[in-house]
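**Q** One file is attached below, coords.csv, containing CSV, C-alpha atoms.
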chain,number,residue,atom,x,y,z
A,1,MET,CA,88.8,-1.5,-155.1
A,2,SER,CA,91.6,-2.8,-152.8
A,3,GLN,CA,90.8,-3.8,-149.2
A,4,ALA,CA,93.0,-1.0,-147.9
A,5,ALA,CA,91.0,1.6,-150.0
A,6,ALA,CA,87.6,0.1,-149.1
A,7,PRO,CA,85.3,2.2,-146.8
A,8,VAL,CA,85.6,1.3,-143.1
A,9,VAL,CA,82.7,0.1,-140.9
A,10,GLN,CA,83.6,0.4,-137.2
A,11,LEU,CA,82.0,-2.0,-134.8
A,12,GLY,CA,82.4,-1.5,-131.1
A,13,LEU,CA,82.1,-4.3,-128.6
A,14,VAL,CA,81.2,-2.9,-125.2
A,15,ALA,CA,81.6,-5.5,-122.4
A,16,ALA,CA,80.9,-5.4,-118.7
A,17,PRO,CA,83.9,-6.2,-116.5
A,18,GLY,CA,84.7,-9.8,-115.8
A,19,THR,CA,83.7,-12.6,-118.1
A,20,PRO,CA,82.0,-10.4,-120.7
A,21,ALA,CA,85.2,-8.4,-121.1
A,22,GLU,CA,87.3,-11.5,-121.4
A,23,LEU,CA,85.0,-12.9,-124.1
A,24,ALA,CA,84.9,-9.6,-126.0
A,25,GLY,CA,88.6,-9.6,-126.4
A,26,TRP,CA,88.5,-13.0,-128.2
A,27,LEU,CA,85.2,-12.2,-130.0
A,28,ALA,CA,86.6,-9.0,-131.6
A,29,GLY,CA,89.1,-10.9,-133.6
A,30,GLU,CA,86.8,-13.7,-134.6
A,31,LEU,CA,83.9,-11.4,-135.4
A,32,GLY,CA,86.1,-9.2,-137.5
A,33,ARG,CA,87.3,-12.2,-139.6
A,34,GLU,CA,83.8,-13.6,-140.1
A,35,LEU,CA,82.3,-10.2,-141.1
A,36,ALA,CA,85.3,-9.5,-143.5
A,37,ALA,CA,84.7,-12.9,-145.2
A,38,ALA,CA,80.9,-12.3,-145.4
A,39,HIS,CA,81.1,-8.6,-146.6
A,40,PRO,CA,84.4,-8.0,-148.3
A,41,GLN,CA,83.1,-4.8,-150.0
A,42,VAL,CA,84.0,-2.9,-146.8
A,43,ARG,CA,86.8,-3.1,-144.3
A,44,TRP,CA,85.8,-4.1,-140.8
A,45,GLU,CA,87.3,-2.6,-137.7
A,46,VAL,CA,86.1,-4.4,-134.5
A,47,ARG,CA,87.2,-3.0,-131.2
A,48,ALA,CA,86.5,-4.3,-127.7
A,49,VAL,CA,86.2,-1.9,-124.7
A,50,GLU,CA,85.4,-2.6,-121.1
A,51,ASP,CA,82.5,-0.5,-119.7
A,52,GLY,CA,79.9,-1.4,-117.1
A,53,LEU,CA,77.5,1.0,-118.8
A,54,VAL,CA,74.7,0.7,-116.2
A,55,ARG,CA,74.2,-0.5,-112.7
A,56,PRO,CA,72.0,-3.6,-112.3
A,57,PRO,CA,69.1,-4.0,-112.2
A,58,ALA,CA,68.6,-2.4,-115.6
A,59,ASP,CA,66.3,-2.9,-118.5
A,60,ASP,CA,66.9,-3.1,-122.2
A,61,ASP,CA,66.1,0.6,-122.8
A,62,GLU,CA,68.7,1.8,-120.2
A,63,ILE,CA,71.4,-0.5,-121.7
A,64,VAL,CA,70.6,0.6,-125.3
A,65,THR,CA,70.8,4.3,-124.3
A,66,ALA,CA,74.1,3.8,-122.5
A,67,THR,CA,75.6,1.9,-125.4
A,68,ARG,CA,74.4,4.5,-127.8
A,69,ARG,CA,76.2,7.2,-125.8
A,70,ARG,CA,79.4,5.2,-126.0
A,71,LEU,CA,78.9,4.6,-129.8
A,72,LEU,CA,78.7,8.4,-130.3
A,73,ALA,CA,81.6,9.1,-128.0
A,74,GLU,CA,83.8,6.7,-129.9
A,75,ASP,CA,82.4,7.6,-133.4
A,76,TRP,CA,81.6,4.0,-134.2
A,77,ASP,CA,79.1,2.9,-136.9
A,78,LEU,CA,77.6,0.0,-134.9
A,79,ALA,CA,77.9,-1.2,-131.4
A,80,LEU,CA,77.3,-4.5,-129.7
A,81,ALA,CA,77.0,-4.6,-125.9
A,82,LEU,CA,77.9,-7.9,-124.1
A,83,THR,CA,76.0,-7.8,-120.8
A,84,ASP,CA,75.6,-10.2,-117.9
A,85,VAL,CA,72.1,-8.8,-117.3
A,86,PRO,CA,69.3,-11.2,-118.4
A,87,LEU,CA,67.2,-9.9,-121.2
A,88,GLU,CA,63.4,-10.4,-121.7
A,89,VAL,CA,60.9,-9.7,-124.5
A,90,ASP,CA,57.3,-10.1,-123.5
A,91,ARG,CA,58.5,-11.7,-120.3
A,92,ARG,CA,60.4,-14.4,-122.2
A,93,PRO,CA,64.2,-14.7,-121.8
A,94,VAL,CA,66.1,-14.0,-125.0
A,95,VAL,CA,69.7,-14.3,-126.1
A,96,GLY,CA,69.8,-10.8,-127.6
A,97,SER,CA,68.0,-7.9,-129.2
A,98,ALA,CA,68.8,-5.3,-131.7
A,99,SER,CA,67.7,-1.7,-132.5
A,100,PRO,CA,68.7,-0.8,-136.1
A,101,VAL,CA,67.8,2.8,-135.7
A,102,HIS,CA,70.2,3.2,-132.8
A,103,GLY,CA,72.8,1.0,-134.5
A,104,VAL,CA,73.0,-0.9,-131.2
A,105,ALA,CA,72.5,-4.6,-130.3
A,106,LEU,CA,72.6,-6.4,-126.9
A,107,LEU,CA,73.9,-9.9,-126.2
A,108,SER,CA,73.0,-11.5,-122.9
A,109,LEU,CA,75.7,-13.9,-121.8
A,110,PRO,CA,73.7,-15.6,-119.1
A,111,ALA,CA,71.2,-16.9,-121.8
A,112,LEU,CA,74.1,-18.5,-123.7
A,113,GLY,CA,74.7,-21.2,-121.1
A,114,ALA,CA,78.1,-22.5,-119.8
A,115,VAL,CA,78.8,-25.0,-122.6
A,116,GLY,CA,80.1,-23.8,-125.9
A,117,LEU,CA,80.0,-20.2,-124.8
A,118,ARG,CA,82.4,-18.8,-127.3
A,119,LYS,CA,80.9,-20.6,-130.3
A,120,ARG,CA,77.3,-19.5,-129.4
A,121,ALA,CA,78.5,-16.0,-128.6
A,122,LEU,CA,80.0,-15.7,-132.1
A,123,GLN,CA,77.0,-17.1,-133.9
A,124,ASN,CA,74.6,-14.8,-132.0
A,125,ALA,CA,76.8,-11.8,-132.4
A,126,LEU,CA,76.9,-12.4,-136.2
A,127,GLY,CA,73.1,-12.7,-136.3
A,128,LEU,CA,72.7,-9.5,-134.3
A,129,VAL,CA,75.0,-7.5,-136.6
A,130,HIS,CA,73.0,-8.7,-139.6
A,131,THR,CA,69.9,-7.6,-137.9
A,132,LEU,CA,71.4,-4.1,-137.4
A,133,LEU,CA,72.1,-4.1,-141.1
A,134,GLY,CA,68.5,-5.0,-141.8
A,135,THR,CA,69.0,-8.4,-143.5
A,136,ALA,CA,69.0,-11.9,-142.2
A,137,GLU,CA,72.0,-14.2,-142.6
A,138,ASP,CA,70.1,-16.5,-144.9
A,139,ALA,CA,69.0,-13.7,-147.2
A,140,ASP,CA,68.8,-14.1,-151.0
A,141,ALA,CA,71.0,-12.5,-153.6
A,142,ASP,CA,68.9,-9.3,-153.9
A,143,ASP,CA,68.8,-8.8,-150.1
A,144,ARG,CA,72.6,-9.3,-149.9
A,145,ALA,CA,73.1,-6.8,-152.6
A,146,ALA,CA,70.9,-4.3,-150.7
A,147,MET,CA,72.9,-5.0,-147.6
A,148,GLY,CA,76.1,-4.3,-149.5
A,149,ARG,CA,74.8,-0.9,-150.5
A,150,ARG,CA,73.8,-0.1,-147.0
A,151,LEU,CA,77.2,-1.1,-145.7
A,152,ARG,CA,78.9,1.3,-148.1
A,153,GLU,CA,76.5,4.1,-147.2
A,154,LEU,CA,77.1,3.4,-143.5
A,155,ALA,CA,80.8,3.5,-144.0
A,156,THR,CA,81.0,6.6,-146.2
A,157,ASP,CA,81.1,10.0,-144.5
A,158,PRO,CA,80.1,13.2,-146.3
A,159,ALA,CA,82.5,16.1,-146.1
A,160,ASP,CA,82.1,17.9,-142.8
A,161,GLY,CA,83.0,21.2,-144.4
A,162,THR,CA,79.5,21.6,-145.9
A,163,ALA,CA,77.2,23.6,-143.6
A,164,GLY,CA,73.7,23.4,-142.4
A,165,VAL,CA,71.1,22.5,-145.0
A,166,ALA,CA,73.8,21.4,-147.5
A,167,PHE,CA,75.2,18.9,-145.0
A,168,THR,CA,71.8,17.6,-144.1
A,169,ALA,CA,70.8,17.1,-147.7
A,170,ARG,CA,74.0,15.3,-148.5
A,171,VAL,CA,73.7,12.9,-145.6
A,172,VAL,CA,70.0,12.2,-146.3
A,173,THR,CA,70.3,11.6,-150.0
A,174,GLY,CA,73.6,9.7,-149.7
A,175,ASN,CA,72.1,7.4,-147.1
A,176,LEU,CA,68.5,7.1,-148.4
A,177,ARG,CA,68.5,3.3,-148.5
A,178,LEU,CA,70.0,3.1,-145.1
A,179,LEU,CA,67.4,5.4,-143.7
A,180,LEU,CA,64.6,3.5,-145.3
A,181,GLY,CA,65.9,0.3,-143.8
A,182,MET,CA,66.1,1.9,-140.3
A,183,VAL,CA,62.6,3.3,-140.5
A,184,ARG,CA,61.2,0.0,-141.8
A,185,ALA,CA,62.9,-1.9,-139.0
A,186,ASN,CA,61.1,0.3,-136.5
A,187,ARG,CA,57.7,-0.8,-137.8
A,188,PRO,CA,56.3,2.7,-137.4
A,189,TRP,CA,52.7,1.6,-138.2
A,190,ARG,CA,52.7,-0.1,-134.8
A,191,LEU,CA,53.6,3.0,-132.9
A,192,ALA,CA,50.1,4.2,-131.9
A,193,VAL,CA,48.8,0.7,-131.0
A,194,GLN,CA,51.6,0.3,-128.4
A,195,LEU,CA,50.8,3.7,-126.8
A,196,SER,CA,47.7,2.7,-124.8
A,197,ARG,CA,47.1,6.1,-123.1
A,198,ALA,CA,47.4,8.0,-126.4
A,199,LEU,CA,45.0,5.6,-128.2
A,200,THR,CA,42.5,5.7,-125.3
A,201,ALA,CA,42.5,9.5,-125.2
A,202,ALA,CA,42.1,9.7,-129.0
A,203,ILE,CA,39.1,7.3,-129.0
A,204,ALA,CA,37.4,9.1,-126.1
A,205,ALA,CA,37.9,12.5,-127.8
A,206,GLY,CA,36.5,11.1,-131.1
A,207,VAL,CA,33.3,9.7,-129.4
A,208,PHE,CA,32.7,13.0,-127.6
A,209,ALA,CA,33.0,14.9,-130.9
A,210,LEU,CA,30.6,12.7,-132.8
A,211,ILE,CA,27.8,13.2,-130.4
A,212,THR,CA,28.2,17.0,-130.0
A,213,PRO,CA,25.9,19.1,-132.2
A,214,ASP,CA,28.3,22.1,-132.0
A,215,ILE,CA,31.0,20.0,-133.6
A,216,TRP,CA,28.5,19.1,-136.4
A,217,ALA,CA,28.0,22.8,-137.1
A,218,LEU,CA,31.7,23.6,-136.8
A,219,ALA,CA,32.6,20.9,-139.3
A,220,ASP,CA,29.9,22.1,-141.7
A,221,ASN,CA,31.1,25.7,-141.6
A,222,SER,CA,34.9,25.1,-141.5
A,223,GLY,CA,35.4,24.3,-145.2
A,224,TRP,CA,38.1,22.1,-146.6
A,225,PRO,CA,41.1,24.5,-146.3
A,226,ARG,CA,40.5,25.1,-142.6
A,227,LEU,CA,39.9,21.4,-142.0
A,228,THR,CA,43.2,20.7,-143.7
A,229,VAL,CA,45.0,23.2,-141.4
A,230,ILE,CA,43.4,21.6,-138.3
A,231,ALA,CA,44.4,18.1,-139.5
A,232,VAL,CA,48.1,19.1,-140.1
A,233,GLY,CA,48.1,20.9,-136.7
A,234,SER,CA,46.8,17.8,-134.9
A,235,VAL,CA,49.4,15.5,-136.5
A,236,VAL,CA,52.2,18.0,-135.7
A,237,ALA,CA,51.0,18.2,-132.1
A,238,VAL,CA,51.2,14.5,-131.5
A,239,VAL,CA,54.6,14.2,-133.3
A,240,VAL,CA,56.1,17.1,-131.2
A,241,THR,CA,54.7,15.7,-128.0
A,242,LEU,CA,56.2,12.3,-128.6
A,243,VAL,CA,59.6,13.5,-129.9
A,244,VAL,CA,60.1,16.3,-127.3
A,245,GLY,CA,58.3,14.7,-124.4
A,246,ALA,CA,60.3,11.4,-124.6
A,247,GLU,CA,63.5,13.1,-125.5
A,248,LEU,CA,63.8,11.2,-128.8
A,249,TRP,CA,65.9,14.0,-130.4
A,250,GLU,CA,69.6,13.7,-130.1
A,251,ARG,CA,72.1,16.6,-130.1
A,252,PRO,CA,75.6,16.0,-131.6
A,253,ARG,CA,78.4,16.4,-129.0
A,254,SER,CA,81.0,17.0,-131.7
A,255,ARG,CA,81.4,17.4,-135.4
A,256,ARG,CA,82.6,13.9,-135.7
A,257,VAL,CA,79.3,12.4,-134.9
A,258,ARG,CA,77.1,14.7,-136.8
A,259,LYS,CA,76.2,12.1,-139.4
A,260,GLN,CA,75.3,9.5,-136.9
A,261,VAL,CA,73.1,11.8,-134.9
A,262,LEU,CA,71.5,13.3,-138.1
A,263,LEU,CA,70.6,9.8,-139.4
A,264,PHE,CA,69.2,8.9,-136.0
A,265,ASN,CA,67.1,12.0,-135.8
A,266,VAL,CA,65.7,11.7,-139.4
A,267,ALA,CA,64.9,8.0,-138.9
A,268,THR,CA,63.2,8.8,-135.5
A,269,THR,CA,61.2,11.7,-136.9
A,270,ALA,CA,60.1,9.7,-139.9
A,271,THR,CA,59.1,6.8,-137.7
A,272,VAL,CA,57.0,9.0,-135.5
A,273,VAL,CA,55.4,10.8,-138.4
A,274,ILE,CA,54.5,7.6,-140.2
A,275,GLY,CA,53.1,6.1,-137.0
A,276,VAL,CA,51.0,9.2,-136.3
A,277,LEU,CA,49.7,9.3,-139.9
A,278,THR,CA,48.7,5.7,-139.6
A,279,LEU,CA,46.8,6.5,-136.4
A,280,TYR,CA,45.2,9.4,-138.2
A,281,ALA,CA,44.1,7.2,-141.1
A,282,VAL,CA,42.6,4.6,-138.7
A,283,LEU,CA,40.8,7.2,-136.7
A,284,PHE,CA,39.3,8.7,-139.9
A,285,VAL,CA,37.9,5.4,-141.0
A,286,LEU,CA,36.5,4.8,-137.5
A,287,ALA,CA,35.1,8.3,-137.3
A,288,LEU,CA,33.4,8.0,-140.7
A,289,ALA,CA,31.9,4.6,-139.8
A,290,GLY,CA,30.8,6.0,-136.4
A,291,ALA,CA,29.2,9.1,-138.1
A,292,LEU,CA,27.3,7.0,-140.6
A,293,LEU,CA,26.1,4.5,-137.9
A,294,LEU,CA,25.5,6.8,-134.9
A,295,VAL,CA,24.6,10.2,-136.3
A,296,VAL,CA,20.9,9.9,-137.4
A,297,GLY,CA,20.3,11.7,-140.7
A,298,SER,CA,17.2,13.6,-139.6
A,299,LEU,CA,18.9,14.9,-136.4
A,300,PHE,CA,22.1,15.7,-138.4
A,301,ALA,CA,20.0,17.7,-141.0
A,302,GLU,CA,18.1,19.5,-138.2
A,303,GLY,CA,21.4,20.5,-136.5
A,304,LEU,CA,22.9,21.7,-139.7
A,305,GLY,CA,19.8,23.4,-141.0
A,306,HIS,CA,20.0,21.9,-144.5
A,307,PRO,CA,19.7,18.4,-146.1
A,308,VAL,CA,22.8,16.3,-145.5
A,309,HIS,CA,24.9,14.6,-148.1
A,310,LEU,CA,27.9,12.3,-148.0
A,311,SER,CA,30.2,15.3,-148.0
A,312,ASP,CA,28.7,16.5,-144.7
A,313,TYR,CA,29.6,13.1,-143.1
A,314,LEU,CA,33.1,13.3,-144.6
A,315,GLU,CA,33.6,16.8,-143.1
A,316,LEU,CA,32.3,15.6,-139.7
A,317,ALA,CA,34.6,12.5,-139.8
A,318,TRP,CA,37.5,14.7,-140.8
A,319,LEU,CA,37.1,17.2,-137.9
A,320,THR,CA,36.3,14.4,-135.5
A,321,CYS,CA,39.5,12.6,-136.5
A,322,SER,CA,41.6,15.7,-136.0
A,323,LEU,CA,40.1,16.4,-132.6
A,324,ALA,CA,40.6,12.7,-131.7
A,325,THR,CA,44.3,13.1,-132.8
A,326,VAL,CA,44.7,16.1,-130.5
A,327,GLY,CA,43.2,14.0,-127.7
A,328,GLY,CA,45.9,11.5,-128.6
A,329,ALA,CA,48.5,14.1,-128.1
A,330,LEU,CA,47.2,14.8,-124.6
A,331,GLY,CA,47.3,11.0,-123.9
A,332,ALA,CA,50.8,10.8,-125.3
A,333,GLY,CA,51.9,13.4,-122.8
A,334,LEU,CA,50.9,11.0,-120.1
A,335,GLU,CA,53.0,8.1,-121.4
A,336,SER,CA,56.3,7.3,-119.7
A,337,ASP,CA,59.5,8.0,-121.6
A,338,GLU,CA,60.3,4.3,-121.6
A,339,ALA,CA,56.9,3.4,-123.1
A,340,VAL,CA,57.3,5.9,-125.9
A,341,ARG,CA,60.9,4.8,-126.7
A,342,GLU,CA,59.8,1.2,-126.7
A,343,ALA,CA,57.0,2.0,-129.1
A,344,ALA,CA,59.1,4.1,-131.4
A,345,TYR,CA,62.0,1.7,-131.6
A,346,THR,CA,61.2,-2.0,-132.3
A,347,TYR,CA,63.8,-4.1,-130.5
A,348,ARG,CA,63.9,-7.2,-132.7
A,349,SER,CA,64.8,-10.1,-130.5
A,350,ASP,CA,67.2,-12.7,-131.5
A,351,GLN,CA,66.6,-16.4,-130.9
A,352,PRO,CA,65.2,-17.3,-127.5
A,353,ALA,CA,67.3,-18.8,-124.8
A,354,HIS,CA,67.3,-22.6,-124.4
Could I get this structure in the form of structure tokens?
**A**
Amino acid sequence: MSQAAAPVVQLGLVAAPGTPAELAGWLAGELGRELAAAHPQVRWEVRAVEDGLVRPPADDDEIVTATRRRLLAEDWDLALALTDVPLEVDRRPVVGSASPVHGVALLSLPALGAVGLRKRALQNALGLVHTLLGTAEDADADDRAAMGRRLRELATDPADGTAGVAFTARVVTGNLRLLLGMVRANRPWRLAVQLSRALTAAIAAGVFALITPDIWALADNSGWPRLTVIAVGSVVAVVVTLVVGAELWERPRSRRVRKQVLLFNVATTATVVIGVLTLYAVLFVLALAGALLLVVGSLFAEGLGHPVHLSDYLELAWLTCSLATVGGALGAGLESDEAVREAAYTYRSDQPAH
């Protein structure tokens, strides 16, 4: 395939007025050449635009959101924001951070220092772009081959003429590896741990359920089909609360950005679902251990009116876990939008400032 016929990956550099904008103009050409040499299987188009995005003081989440809006407006595949706002991760200054699911990275110029600014900016920008693609610069041959496939998937647009379900199916199946990389980069299994209010409410609800005789009887008489329905309902409740409450769902502003928005929404939903299922599995193990340790067999049998077996403890743990998950949904509703977005999207920091 000739370079002219290769699929195009569009990278936007969004720079604040002043020094960041001046640097972006030079960086666009250099970054384009470096990326073309590293990944010749696609054609790179790097464009620099001047946009203040947000008014200081601003945090990472605000800058990422504003950069994401500009990415969708311009129909880019990836975006790198050059900001003069200092960035921090766990109260430590960092040069940059990247959110693969958004396709957005941030580069903080104050952290680069005054000496060798252009060289350091180029090196860090390259590292951030590779982070967005899900592979480090020092990756082995297999990882680089996977990155090449993701690049082609990122650059290839399905026909917009297909409608509804057909379009969705084509985007998802055609970008499956890209989606898996986006979800993996989000580390969805860490979602519940980072939402303290949701986790606290879930544990409190679980403890209450375990010591309530009425819950024992309800679990004993519900049967596996009903327990399954309750379990599915509890998981859906938490997922909807997180996605809708924190406004994680994007709506396409035009047909041009339908693929970008669809990929984002699928990756976001998958991240939240996996995170909630991880929470559910952990709560089930805790509920079963709590039932075996705290619910005395003789009292349990007296409450149920028949001898107890392991299946009775499993049913109690299952219902307790579902009720605890519903409690987690109530706790999730109390989380701030910023906390939910930070938990749902893992901003992978680049090297720390020196």
**Q** Enter the distance from atom CA of Gly223 of chain A to atom CA of Leu310 of chain A, in Å, rounded to one decimal.
**A**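 For atom CA of Gly223 of chain A relative to atom CA of Leu310 of chain A, the distance reads 14.4 Å.
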**Q** Nearest residue to Thr131 of chain A out of A:Cys321, A:Ala36, A:Leu78, A:Val238, using all atoms listed in the file?
**A** A:Leu78
**Q** Quick one: residues within 12 Å of Leu279 of chain A, only C-alpha atoms, excluding same-chain residues fewer than 5 positions away - as a PDB file with C-alpha atoms, in the frame of the given file?
**A**
ATOM      1  CA  PRO A 188      56.300   2.700-137.400  1.00  0.00           C
ATOM      2  CA  TRP A 189      52.700   1.600-138.200  1.00  0.00           C
ATOM      3  CA  ARG A 190      52.700  -0.100-134.800  1.00  0.00           C
ATOM      4  CA  LEU A 191      53.600   3.000-132.900  1.00  0.00           C
ATOM      5  CA  ALA A 192      50.100   4.200-131.900  1.00  0.00           C
ATOM      6  CA  VAL A 193      48.800   0.700-131.000  1.00  0.00           C
ATOM      7  CA  GLN A 194      51.600   0.300-128.400  1.00  0.00           C
ATOM      8  CA  LEU A 195      50.800   3.700-126.800  1.00  0.00           C
ATOM      9  CA  ALA A 198      47.400   8.000-126.400  1.00  0.00           C
ATOM     10  CA  LEU A 199      45.000   5.600-128.200  1.00  0.00           C
ATOM     11  CA  THR A 200      42.500   5.700-125.300  1.00  0.00           C
ATOM     12  CA  ALA A 202      42.100   9.700-129.000  1.00  0.00           C
ATOM     13  CA  ILE A 203      39.100   7.300-129.000  1.00  0.00           C
ATOM     14  CA  SER A 234      46.800  17.800-134.900  1.00  0.00           C
ATOM     15  CA  VAL A 235      49.400  15.500-136.500  1.00  0.00           C
ATOM     16  CA  VAL A 238      51.200  14.500-131.500  1.00  0.00           C
ATOM     17  CA  VAL A 239      54.600  14.200-133.300  1.00  0.00           C
ATOM     18  CA  VAL A 272      57.000   9.000-135.500  1.00  0.00           C
ATOM     19  CA  VAL A 273      55.400  10.800-138.400  1.00  0.00           C
ATOM     20  CA  ILE A 274      54.500   7.600-140.200  1.00  0.00           C
ATOM     21  CA  PHE A 284      39.300   8.700-139.900  1.00  0.00           C
ATOM     22  CA  VAL A 285      37.900   5.400-141.000  1.00  0.00           C
ATOM     23  CA  LEU A 286      36.500   4.800-137.500  1.00  0.00           C
ATOM     24  CA  ALA A 287      35.100   8.300-137.300  1.00  0.00           C
ATOM     25  CA  CYS A 321      39.500  12.600-136.500  1.00  0.00           C
ATOM     26  CA  SER A 322      41.600  15.700-136.000  1.00  0.00           C
ATOM     27  CA  ALA A 324      40.600  12.700-131.700  1.00  0.00           C
ATOM     28  CA  THR A 325      44.300  13.100-132.800  1.00  0.00           C
ATOM     29  CA  VAL A 326      44.700  16.100-130.500  1.00  0.00           C
ATOM     30  CA  GLY A 328      45.900  11.500-128.600  1.00  0.00           C
ATOM     31  CA  ALA A 329      48.500  14.100-128.100  1.00  0.00           C
TER      32      ALA A 329
END
**Q** From the list A:Thr278, A:Gln41, A:Thr83, A:Gln260, which residue is nearest Asp59 of chain A when using all atoms listed in the file?
**A** A:Thr83
**Q** Calculate how many Å separate atom CA of Pro40 of chain A from atom CA of Arg177 of chain A, rounding to one decimal.
**A**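 Separation of atom CA of Pro40 of chain A and atom CA of Arg177 of chain A: 19.5 Å.
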**Q** Report, in Å with one decimal, the straight-line distance from atom CA of Leu107 of chain A to atom CA of Leu80 of chain A.
**A**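 Atom-to-atom, atom CA of Leu107 of chain A and atom CA of Leu80 of chain A are spaced 7.3 Å apart.
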**Q** Have a look at A:Leu128, A:Ala15, A:Val85, A:Ile63 and name the one nearest to Leu31 of chain A; count all atoms listed in the file.
**A**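 Among A:Leu128, A:Ala15, A:Val85, A:Ile63, it is A:Leu128 that comes nearest to Leu31 of chain A.
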**Q** Taking 3 positions as the minimum chain separation for residues in the same chain, which residues sit within 6 Å of Asp84 of chain A when counting all atoms listed in the file? Answer as JSON, numbers by chain.
**A** {"A": [108, 109, 110]}
**Q** Excluding Leu323 of chain A and its own-chain neighbours fewer than 5 positions away, which residues fall within 12 Å of it when counting only C-alpha atoms? Please give them as a ChimeraX atom specification.
**A** /A:201-210,215,218-219,227,230-235,237-238,280,283-284,287,316-318,328-330
**Q** Identify, on the basis of all atoms listed in the file, every residue whose closest approach to segment 97-106 of chain A does not exceed 10 Å; exclude the query and any residue fewer than 6 positions from it along the same chain; express the result as number ranges by chain.
**A** A: 11-14, 60, 63-68, 71, 76-83, 85, 87-89, 124-125, 127-134, 178-179, 181-186, 260-261, 263-268, 271, 344-352
**Q** Identify which of the residues A:Arg118, A:His39, A:Arg187, A:Arg226 lies closest to Glu315 of chain A, counting only C-alpha atoms when measuring atom-to-atom distances.
**A** A:Arg226
**Q** Between A:Arg197, A:Arg69, A:Arg47, A:Arg92, single out the one closest to Gly29 of chain A, counting only C-alpha atoms.
**A** A:Arg47
**Q** Looking at A:Leu319, A:Ala246, A:Val49, A:Val229, which one is nearest to Ala217 of chain A, with distances taken over only C-alpha atoms?
**A**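 Nearest candidate to Ala217 of chain A out of A:Leu319, A:Ala246, A:Val49, A:Val229: A:Leu319.
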**Q** Generate all heavy atoms for segment 62-66 of chain A and emit them as an mmCIF file, in the coordinates of the input.
**A**
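Resulting contents of part_14.cif:
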data_model
loop_
_atom_site.group_PDB
_atom_site.id
_atom_site.type_symbol
_atom_site.label_atom_id
_atom_site.label_comp_id
_atom_site.auth_asym_id
_atom_site.auth_seq_id
_atom_site.Cartn_x
_atom_site.Cartn_y
_atom_site.Cartn_z
ATOM 1 N N GLU A 62 67.616 1.101 -120.890
ATOM 2 C CA GLU A 62 68.700 1.800 -120.200
ATOM 3 C C GLU A 62 70.072 1.313 -120.844
ATOM 4 O O GLU A 62 70.975 2.130 -121.048
ATOM 5 C CB GLU A 62 68.736 1.448 -118.742
ATOM 6 C CG GLU A 62 67.576 2.062 -117.981
ATOM 7 C CD GLU A 62 67.569 1.633 -116.520
ATOM 8 O OE1 GLU A 62 67.146 0.506 -116.228
ATOM 9 O OE2 GLU A 62 67.997 2.440 -115.674
ATOM 10 N N ILE A 63 70.187 0.022 -121.136
ATOM 11 C CA ILE A 63 71.400 -0.500 -121.700
ATOM 12 C C ILE A 63 71.636 0.038 -123.118
ATOM 13 O O ILE A 63 72.740 0.423 -123.509
ATOM 14 C CB ILE A 63 71.457 -2.023 -121.681
ATOM 15 C CG1 ILE A 63 71.270 -2.546 -120.256
ATOM 16 C CG2 ILE A 63 72.764 -2.552 -122.251
ATOM 17 C CD1 ILE A 63 71.141 -4.050 -120.161
ATOM 18 N N VAL A 64 70.555 0.066 -123.906
ATOM 19 C CA VAL A 64 70.600 0.600 -125.300
ATOM 20 C C VAL A 64 71.063 2.061 -125.248
ATOM 21 O O VAL A 64 71.929 2.497 -126.018
ATOM 22 C CB VAL A 64 69.302 0.422 -126.011
ATOM 23 C CG1 VAL A 64 69.278 1.244 -127.301
ATOM 24 C CG2 VAL A 64 69.050 -1.041 -126.320
ATOM 25 N N THR A 65 70.451 2.845 -124.364
ATOM 26 C CA THR A 65 70.800 4.300 -124.300
ATOM 27 C C THR A 65 72.237 4.473 -123.897
ATOM 28 O O THR A 65 72.937 5.310 -124.488
ATOM 29 C CB THR A 65 69.872 4.953 -123.236
ATOM 30 O OG1 THR A 65 68.503 4.807 -123.632
ATOM 31 C CG2 THR A 65 70.193 6.435 -123.123
ATOM 32 N N ALA A 66 72.718 3.706 -122.906
ATOM 33 C CA ALA A 66 74.100 3.800 -122.500
ATOM 34 C C ALA A 66 75.072 3.400 -123.582
ATOM 35 O O ALA A 66 76.119 4.024 -123.802
ATOM 36 C CB ALA A 66 74.346 3.018 -121.222
#
